[in-house]
file input-v4.cif (mmCIF, C-alpha atoms and all ligand atoms)
data_structure
#
loop_
_atom_site.label_atom_id
_atom_site.label_comp_id
_atom_site.auth_asym_id
_atom_site.auth_seq_id
_atom_site.Cartn_x
_atom_site.Cartn_y
_atom_site.Cartn_z
CA MET T 1 34.65 8.31 61.54
CA THR T 2 34.73 7.71 65.26
CA ALA T 3 36.59 10.40 67.19
CA PHE T 4 36.30 9.01 70.72
CA SER T 5 35.55 5.46 71.71
CA ILE T 6 34.96 5.02 75.42
CA GLN T 7 34.92 1.35 76.30
CA ASN T 8 33.90 -0.02 79.71
CA LEU T 9 35.48 2.94 81.48
CA THR T 10 35.55 2.32 85.22
CA VAL T 11 36.89 4.86 87.70
CA VAL T 12 37.25 4.34 91.44
CA LYS T 13 38.22 6.95 94.02
CA GLY T 14 38.63 5.95 97.64
CA GLU T 15 35.97 3.32 98.18
CA LYS T 16 33.61 4.78 95.61
CA LYS T 17 32.96 3.64 92.04
CA ILE T 18 32.53 6.96 90.26
CA LEU T 19 32.18 5.57 86.72
CA ASP T 20 30.92 2.05 86.18
CA SER T 21 31.69 0.43 82.84
CA VAL T 22 30.79 3.49 80.76
CA SER T 23 30.76 2.87 77.00
CA PHE T 24 29.82 5.13 74.10
CA ASP T 25 31.30 6.46 70.86
CA VAL T 26 31.47 10.05 69.65
CA GLN T 27 31.72 10.64 65.91
CA GLU T 28 33.74 13.38 64.22
CA GLY T 29 31.73 16.59 63.99
CA GLU T 30 29.25 15.46 66.64
CA PHE T 31 28.12 17.66 69.56
CA VAL T 32 27.24 15.57 72.61
CA CYS T 33 25.64 17.02 75.73
CA ILE T 34 26.17 15.17 79.01
CA VAL T 35 23.34 15.44 81.52
CA GLY T 36 22.38 13.74 84.76
CA PRO T 37 21.91 14.43 88.45
CA SER T 38 24.57 16.04 90.58
CA GLY T 39 27.31 13.57 91.49
CA ALA T 40 26.53 11.27 88.54
CA GLY T 41 30.15 11.39 87.32
CA LYS T 42 29.81 13.89 84.46
CA SER T 43 32.92 15.96 85.27
CA THR T 44 34.93 12.84 86.06
CA LEU T 45 34.06 11.46 82.62
CA LEU T 46 34.96 14.69 80.82
CA ARG T 47 38.27 15.00 82.67
CA GLN T 48 39.17 11.43 81.78
CA LEU T 49 38.99 12.41 78.11
CA ASN T 50 42.10 14.54 78.25
CA ARG T 51 43.76 12.82 81.17
CA LEU T 52 43.01 15.52 83.74
CA ASP T 53 41.65 12.82 86.04
CA TYR T 54 42.91 9.72 87.83
CA GLY T 55 41.46 6.53 89.29
CA ARG T 56 40.77 4.52 86.17
CA ILE T 57 40.80 0.85 87.09
CA GLY T 58 39.24 -0.60 83.96
CA GLY T 59 38.35 -0.04 80.33
CA GLN T 60 39.95 2.21 77.77
CA ILE T 61 39.50 5.45 75.87
CA LEU T 62 40.52 5.60 72.22
CA TRP T 63 40.91 8.84 70.35
CA ASN T 64 41.25 8.40 66.59
CA GLY T 65 41.69 4.70 67.23
CA LYS T 66 44.65 5.16 69.58
CA SER T 67 44.64 4.76 73.34
CA LEU T 68 44.93 8.10 75.20
CA GLU T 69 48.06 6.84 76.99
CA GLU T 70 49.86 6.62 73.66
CA TYR T 71 49.66 10.40 73.18
CA ASP T 72 52.12 12.85 74.69
CA VAL T 73 49.98 14.43 77.42
CA HIS T 74 50.90 18.02 76.39
CA VAL T 75 50.01 17.39 72.76
CA LEU T 76 46.80 15.67 73.87
CA ARG T 77 45.73 18.64 76.00
CA GLU T 78 46.45 21.10 73.20
CA GLN T 79 44.33 19.12 70.79
CA VAL T 80 41.61 18.03 73.21
CA ALA T 81 40.88 21.35 74.90
CA TYR T 82 39.05 21.66 78.21
CA ILE T 83 36.89 24.71 78.77
CA PHE T 84 36.21 25.35 82.45
CA GLN T 85 33.07 26.75 84.08
CA LYS T 86 34.56 30.19 84.38
CA ALA T 87 37.26 31.64 82.14
CA VAL T 88 40.27 33.15 83.92
CA MET T 89 40.96 36.74 82.84
CA PHE T 90 44.51 38.07 83.11
CA PRO T 91 45.41 41.77 83.37
CA GLY T 92 45.27 43.30 79.89
CA SER T 93 42.78 43.83 77.09
CA ALA T 94 40.45 41.18 75.66
CA GLU T 95 42.71 40.98 72.60
CA GLU T 96 45.81 40.37 74.74
CA ASN T 97 43.91 37.73 76.69
CA ILE T 98 42.86 35.95 73.51
CA LYS T 99 46.37 35.95 72.05
CA MET T 100 48.02 34.99 75.34
CA GLY T 101 48.31 31.20 75.09
CA ALA T 102 49.13 30.87 71.42
CA GLN T 103 52.10 33.23 71.44
CA PHE T 104 54.18 30.49 73.03
CA GLU T 105 53.32 27.97 70.31
CA HIS T 106 56.32 26.67 68.43
CA ASN T 107 56.38 26.20 64.68
CA VAL T 108 53.54 28.68 64.07
CA THR T 109 54.21 31.79 62.02
CA GLN T 110 52.96 35.24 63.00
CA GLN T 111 50.83 35.21 59.87
CA GLU T 112 49.19 31.95 60.86
CA LEU T 113 48.50 33.29 64.36
CA GLU T 114 46.82 36.38 62.87
CA GLY T 115 44.69 34.09 60.69
CA ARG T 116 43.70 32.03 63.72
CA PHE T 117 42.88 35.23 65.63
CA VAL T 118 40.48 36.48 62.95
CA LYS T 119 38.76 33.09 62.87
CA ALA T 120 38.70 32.67 66.65
CA ILE T 121 37.00 35.99 67.34
CA ARG T 122 34.42 35.34 64.64
CA GLU T 123 33.65 31.82 65.89
CA ALA T 124 33.50 32.91 69.55
CA GLY T 125 31.21 35.84 68.79
CA ILE T 126 33.61 38.62 69.84
CA THR T 127 32.80 42.07 68.48
CA PRO T 128 35.61 44.46 67.44
CA GLU T 129 34.57 46.91 70.19
CA MET T 130 35.25 44.30 72.85
CA LEU T 131 38.88 43.78 71.84
CA SER T 132 40.36 46.88 73.47
CA VAL T 133 38.35 46.60 76.71
CA GLU T 134 40.20 45.53 79.87
CA ALA T 135 39.25 41.83 80.15
CA ALA T 136 38.25 42.09 83.82
CA ASP T 137 35.69 44.78 82.91
CA LEU T 138 33.83 42.55 80.43
CA SER T 139 30.54 40.92 81.43
CA GLY T 140 30.46 37.24 82.45
CA GLY T 141 29.20 36.14 79.05
CA GLN T 142 31.81 38.22 77.23
CA GLN T 143 34.57 36.77 79.41
CA GLN T 144 33.41 33.25 78.51
CA ARG T 145 33.65 34.23 74.83
CA VAL T 146 37.19 35.54 75.38
CA GLY T 147 38.09 32.25 77.11
CA ILE T 148 36.73 30.25 74.20
CA ALA T 149 38.52 32.44 71.64
CA ARG T 150 41.78 31.94 73.60
CA THR T 151 41.24 28.18 73.39
CA LEU T 152 40.40 28.34 69.68
CA MET T 153 43.72 30.16 69.07
CA LEU T 154 45.43 26.86 69.96
CA ASP T 155 43.53 25.25 67.09
CA PRO T 156 42.13 22.32 69.09
CA VAL T 157 40.55 19.31 67.42
CA VAL T 158 38.13 18.44 70.23
CA LEU T 159 36.38 20.78 72.68
CA LEU T 160 35.28 19.65 76.14
CA PHE T 161 32.93 22.13 77.82
CA ASP T 162 32.41 21.73 81.56
CA GLU T 163 29.19 23.67 82.21
CA PRO T 164 30.25 26.83 80.35
CA THR T 165 27.04 28.63 81.34
CA ALA T 166 27.04 27.68 85.03
CA SER T 167 28.28 31.08 86.19
CA LEU T 168 25.93 33.08 83.93
CA ASP T 169 22.44 34.39 84.68
CA VAL T 170 19.61 33.00 82.57
CA GLU T 171 19.49 35.88 80.08
CA THR T 172 23.26 35.96 79.52
CA SER T 173 23.29 32.19 79.34
CA ASN T 174 20.63 32.22 76.60
CA LYS T 175 22.65 34.72 74.58
CA PHE T 176 25.82 32.73 75.12
CA CYS T 177 24.07 29.57 73.90
CA LYS T 178 23.39 31.29 70.60
CA THR T 179 27.14 31.91 70.33
CA LEU T 180 27.73 28.23 71.09
CA LYS T 181 25.26 27.27 68.37
CA VAL T 182 27.23 29.31 65.80
CA LEU T 183 30.49 27.83 67.12
CA LYS T 184 28.97 24.37 66.85
CA GLU T 185 28.39 24.86 63.11
CA HIS T 186 32.03 25.89 62.64
CA LEU T 187 33.17 22.89 64.66
CA LYS T 188 31.00 20.60 62.56
CA GLU T 189 32.62 21.93 59.39
CA LYS T 190 36.04 21.20 60.88
CA LYS T 191 34.80 17.73 61.90
CA SER T 192 35.62 18.56 65.51
CA ALA T 193 33.89 16.50 68.17
CA SER T 194 32.54 18.39 71.19
CA LEU T 195 31.23 17.24 74.55
CA MET T 196 29.46 19.60 76.91
CA ILE T 197 28.16 19.08 80.43
CA THR T 198 25.06 21.05 81.23
CA HIS T 199 22.52 21.19 84.02
CA ARG T 200 20.14 23.17 81.84
CA LEU T 201 18.23 20.71 79.73
CA GLU T 202 16.95 23.42 77.41
CA GLU T 203 20.60 24.02 76.44
CA ALA T 204 21.06 20.35 75.62
CA SER T 205 17.90 20.39 73.54
CA PHE T 206 19.08 23.54 71.70
CA LEU T 207 22.67 22.45 71.06
CA ALA T 208 23.13 18.70 71.12
CA ASP T 209 23.21 16.19 68.31
CA LYS T 210 23.14 13.44 70.92
CA VAL T 211 22.50 13.38 74.65
CA LEU T 212 24.35 11.16 77.09
CA MET T 213 22.64 10.71 80.44
CA LEU T 214 24.62 9.45 83.41
CA GLU T 215 23.26 8.33 86.77
CA GLU T 216 25.37 6.96 89.60
CA GLY T 217 28.30 6.48 87.24
CA LYS T 218 26.35 4.48 84.67
CA VAL T 219 25.08 5.34 81.22
CA VAL T 220 21.30 5.52 81.39
CA ALA T 221 20.81 6.66 77.79
CA PHE T 222 22.80 7.78 74.77
CA LEU T 223 20.31 8.98 72.20
CA PRO T 224 19.85 11.43 69.33
CA VAL T 225 18.55 14.69 70.79
CA ASN T 226 14.99 14.38 69.42
CA GLU T 227 14.61 10.88 70.69
CA PHE T 228 15.90 11.86 74.11
CA PHE T 229 13.47 14.73 74.55
CA ASN T 230 10.43 13.70 72.55
CA ASN T 231 10.09 10.01 72.77
CA PRO T 232 11.82 8.72 75.84
CA SER T 233 10.90 5.08 76.01
CA ASN T 234 13.47 4.82 78.76
CA GLU T 235 11.68 5.21 82.08
CA ARG T 236 14.64 6.77 83.88
CA VAL T 237 15.01 9.39 81.17
CA ALA T 238 11.28 10.09 81.36
CA ASN T 239 11.48 10.53 85.14
CA PHE T 240 14.54 12.77 84.83
CA LEU T 241 12.75 14.99 82.30
CA LYS T 242 9.64 15.06 84.46
CA ALA T 243 11.70 16.24 87.44
CA TYR T 244 12.90 19.13 85.25
CA LYS T 245 9.35 19.75 83.99
CA LEU T 246 10.29 19.25 80.36
N1 LIG T 301 38.50 11.69 95.55
C1 LIG T 301 37.25 11.29 95.68
N2 LIG T 301 36.91 10.36 96.60
C2 LIG T 301 35.64 9.93 96.73
N3 LIG T 301 34.61 10.39 95.97
C3 LIG T 301 34.89 11.31 95.05
C4 LIG T 301 36.20 11.81 94.84
N4 LIG T 301 36.17 12.71 93.85
C5 LIG T 301 34.88 12.77 93.43
N5 LIG T 301 34.11 11.96 94.16
C6 LIG T 301 32.64 11.72 93.99
O1 LIG T 301 32.41 11.31 92.67
C7 LIG T 301 31.09 11.60 92.28
C8 LIG T 301 31.08 12.16 90.88
O2 LIG T 301 31.64 13.46 90.85
P1 LIG T 301 31.56 14.38 89.54
O3 LIG T 301 32.09 15.72 89.90
O4 LIG T 301 32.18 13.67 88.41
O5 LIG T 301 29.97 14.42 89.33
P2 LIG T 301 29.11 15.41 88.44
O6 LIG T 301 28.06 14.58 87.80
O7 LIG T 301 29.99 16.21 87.56
O8 LIG T 301 28.47 16.33 89.55
P3 LIG T 301 27.97 17.87 89.47
O9 LIG T 301 26.84 17.86 88.48
O10 LIG T 301 27.49 18.14 90.87
O11 LIG T 301 29.13 18.70 89.06
C9 LIG T 301 30.55 12.55 93.36
O12 LIG T 301 29.66 11.83 94.17
C10 LIG T 301 31.79 12.96 94.13
O13 LIG T 301 31.48 13.21 95.47
#
call {"tool": "encode", "arguments": {"input": "input-v4.cif", "output": "structure tokens", "more": "lines below"}}
Ligand SMILES: Nc1ncnc2c1ncn2[C@@H]1O[C@H](COP(=O)(O)OP(=O)(O)OP(=O)(O)O)[C@@H](O)[C@H]1O
result
Amino acid sequence: MTAFSIQNLTVVKGEKKILDSVSFDVQEGEFVCIVGPSGAGKSTLLRQLNRLDYGRIGGQILWNGKSLEEYDVHVLREQVAYIFQKAVMFPGSAEENIKMGAQFEHNVTQQELEGRFVKAIREAGITPEMLSVEAADLSGGQQQRVGIARTLMLDPVVLLFDEPTASLDVETSNKFCKTLKVLKEHLKEKKSASLMITHRLEEASFLADKVLMLEEGKVVAFLPVNEFFNNPSNERVANFLKAYKL
């Protein structure tokens, strides 16, 4: 089943067309990586998917067959969760940070929250030793895991990752990608769709089912990962890969 259907999405800010008739579908359980040069419109596109952005002058976005505008924006943002480049850590332990958002959820029993907690820390790759550590003292990669676990506590249906490894060094980023790979398998089981922006093409090749490439606000390619990296008949994709020496 189609989770998201993006149809002729056009976004203008000031004088500039940021997204130009962007169309593609994301299926349930699919993990899509969004790549492309800086300024191509990747973050704008991702933010449009849970209405964090403005400036749409054309097209529509359907989620589960329903236009995004038909959803209550708070419900939408709980279910379509946005994971920022760097997780914010509040004073308190990792465990307190993970449980923070969900404690205000209505209609959820304590028992259900405990169940979500056990699942969230497993899926986000959090070790028991980390739980009692002051969140601010955790490494960058561990803080990202805490941020993801906090998001998973809200039981989202879709995850939008905006360059989750951007603030990490290469080694930490590689380790964190292994966590994302495990998380991806859990998300697939739950039929959750995920979209992730990345500048590191090796991450896209490691994680994605499909790769969406944007350039100057337009879709250049939307291909299964193997096709994107191994057999790019599309000249612009080939040039992009060449520039990254892949
Ligand atoms: N309010 C605005 N007015 C005019 N141009 C804007 C505005 N907001 C964003 N832009 C432009 O829109 C373009 C797309 O921005 P966006 O952040 O979506 O790109 P991106 O592909 O995510 O870039 P990066 O990889 O560098 O994060 C950029 O050229 C940016 O300068």
call {"tool": "closest_residue", "arguments": {"input": "input-v4.cif", "among": "T:Gln60, T:Ser93, T:Gln103, T:Thr179", "to": "Arg122 (chain T)", "atoms": "only C-alpha atoms"}}
result
T:Thr179
call {"tool": "residues_around", "arguments": {"input": "input-v4.cif", "residues": "Thr198 (chain T)", "least_positions_apart": "3", "cutoff": "9 Å", "atoms": "all atoms listed in the file", "output": "MDAnalysis selection string"}}
result
chainID T and resid 33:36 161:166 201 203:204
call {"tool": "atom_distance", "arguments": {"input": "input-v4.cif", "atom1": "CA of His106 (chain T)", "atom2": "CA of Lys190 (chain T)"}}
result
22.3 Å
call {"tool": "residues_near_ligand", "arguments": {"input": "input-v4.cif", "ligand": "ligand LIG 301 (chain T)", "cutoff": "12 Å", "atoms": "all atoms listed in the file", "output": "JSON, numbers by chain"}}
result
{"T": [11, 12, 13, 14, 15, 16, 17, 18, 19, 20, 34, 35, 36, 37, 38, 39, 40, 41, 42, 43, 44, 45, 46, 47, 48, 52, 53, 54, 55, 84, 85, 161, 162, 163, 164, 166, 196, 197, 198, 199, 200, 212, 213, 214, 215, 216, 217, 218, 219]}
call {"tool": "closest_atom_pairs", "arguments": {"input": "input-v4.cif", "of": "region 36-98 of chain T", "to": "region 23-28 of chain T", "cutoff": "12 Å", "atoms": "only C-alpha atoms", "output": "CSV"}}
result
residue,atom,partner,partner_atom,distance
T:Leu45,CA,T:Ser23,CA,10.8
T:Leu49,CA,T:Val26,CA,11.6
T:Gly58,CA,T:Ser23,CA,11.5
T:Gly59,CA,T:Ser23,CA,8.8
T:Gln60,CA,T:Ser23,CA,9.2
T:Ile61,CA,T:Ser23,CA,9.2
T:Leu62,CA,T:Asp25,CA,9.4
T:Trp63,CA,T:Val26,CA,9.5
T:Asn64,CA,T:Glu28,CA,9.3
T:Gly65,CA,T:Asp25,CA,11.1
call {"tool": "closest_residue", "arguments": {"input": "input-v4.cif", "among": "T:Glu134, T:Val80, T:Ser21, T:Gly29", "to": "Arg56 (chain T)", "atoms": "only C-alpha atoms"}}
result
T:Ser21
call {"tool": "atom_distance", "arguments": {"input": "input-v4.cif", "atom1": "CA of Gln79 (chain T)", "atom2": "CA of Leu159 (chain T)"}}
result
8.3 Å
call {"tool": "atom_distance", "arguments": {"input": "input-v4.cif", "atom1": "CA of Ile57 (chain T)", "atom2": "CA of Ala221 (chain T)"}}
result
22.8 Å
call {"tool": "closest_residue", "arguments": {"input": "input-v4.cif", "among": "T:Arg150, T:Arg145, T:Lys86, T:Lys210", "to": "Phe117 (chain T)", "atoms": "all atoms listed in the file"}}
result
T:Arg150
call {"tool": "closest_residue", "arguments": {"input": "input-v4.cif", "among": "T:Val170, T:Leu138, T:Val118, T:Ala208", "to": "Gly92 (chain T)", "atoms": "only C-alpha atoms"}}
result
T:Leu138
call {"tool": "residues_around", "arguments": {"input": "input-v4.cif", "residues": "Leu180 (chain T)", "least_positions_apart": "5", "cutoff": "10 Å", "atoms": "all atoms listed in the file", "output": "ChimeraX atom specification"}}
result
/T:123-125,145,148,164,174-175,185-187,203,206-207
call {"tool": "decode", "arguments": {"input": "input-v4.cif", "residues": "region 90-130 of chain T", "atoms": "C-alpha atoms", "output": "PDB file, in the first residue's frame"}}
result
ATOM      1  CA  PHE T  90      17.433  18.119  28.558  1.00  0.00           C
ATOM      2  CA  PRO T  91      18.881  18.045  32.090  1.00  0.00           C
ATOM      3  CA  GLY T  92      18.430  14.536  33.509  1.00  0.00           C
ATOM      4  CA  SER T  93      19.438  10.979  32.725  1.00  0.00           C
ATOM      5  CA  ALA T  94      19.157   9.286  29.329  1.00  0.00           C
ATOM      6  CA  GLU T  95      16.161   7.340  30.653  1.00  0.00           C
ATOM      7  CA  GLU T  96      14.393  10.537  31.759  1.00  0.00           C
ATOM      8  CA  ASN T  97      15.138  12.090  28.377  1.00  0.00           C
ATOM      9  CA  ILE T  98      13.683   9.106  26.543  1.00  0.00           C
ATOM     10  CA  LYS T  99      10.504   9.061  28.623  1.00  0.00           C
ATOM     11  CA  MET T 100      10.078  12.829  28.544  1.00  0.00           C
ATOM     12  CA  GLY T 101       7.706  13.374  25.615  1.00  0.00           C
ATOM     13  CA  ALA T 102       5.460  10.372  26.048  1.00  0.00           C
ATOM     14  CA  GLN T 103       4.547  11.060  29.673  1.00  0.00           C
ATOM     15  CA  PHE T 104       2.159  13.756  28.480  1.00  0.00           C
ATOM     16  CA  GLU T 105       0.347  11.393  26.116  1.00  0.00           C
ATOM     17  CA  HIS T 106      -3.331  11.002  26.869  1.00  0.00           C
ATOM     18  CA  ASN T 107      -5.122   7.669  26.777  1.00  0.00           C
ATOM     19  CA  VAL T 108      -1.928   5.648  27.248  1.00  0.00           C
ATOM     20  CA  THR T 109      -1.554   3.472  30.327  1.00  0.00           C
ATOM     21  CA  GLN T 110       1.634   3.309  32.387  1.00  0.00           C
ATOM     22  CA  GLN T 111       1.946  -0.323  31.378  1.00  0.00           C
ATOM     23  CA  GLU T 112       1.790   0.552  27.698  1.00  0.00           C
ATOM     24  CA  LEU T 113       4.421   3.261  28.169  1.00  0.00           C
ATOM     25  CA  GLU T 114       6.740   0.747  29.860  1.00  0.00           C
ATOM     26  CA  GLY T 115       6.204  -1.624  26.927  1.00  0.00           C
ATOM     27  CA  ARG T 116       7.028   1.153  24.464  1.00  0.00           C
ATOM     28  CA  PHE T 117      10.136   2.039  26.497  1.00  0.00           C
ATOM     29  CA  VAL T 118      11.520  -1.504  26.354  1.00  0.00           C
ATOM     30  CA  LYS T 119      10.926  -1.615  22.598  1.00  0.00           C
ATOM     31  CA  ALA T 120      12.244   1.894  21.959  1.00  0.00           C
ATOM     32  CA  ILE T 121      15.580   1.323  23.680  1.00  0.00           C
ATOM     33  CA  ARG T 122      16.057  -1.975  21.870  1.00  0.00           C
ATOM     34  CA  GLU T 123      15.220  -0.496  18.463  1.00  0.00           C
ATOM     35  CA  ALA T 124      17.375   2.603  19.021  1.00  0.00           C
ATOM     36  CA  GLY T 125      20.361   0.561  20.189  1.00  0.00           C
ATOM     37  CA  ILE T 126      20.511   1.906  23.758  1.00  0.00           C
ATOM     38  CA  THR T 127      22.436  -0.236  26.223  1.00  0.00           C
ATOM     39  CA  PRO T 128      21.232  -0.576  29.854  1.00  0.00           C
ATOM     40  CA  GLU T 129      24.430   1.129  31.089  1.00  0.00           C
ATOM     41  CA  MET T 130      23.572   4.267  29.148  1.00  0.00           C
TER      42      MET T 130
END
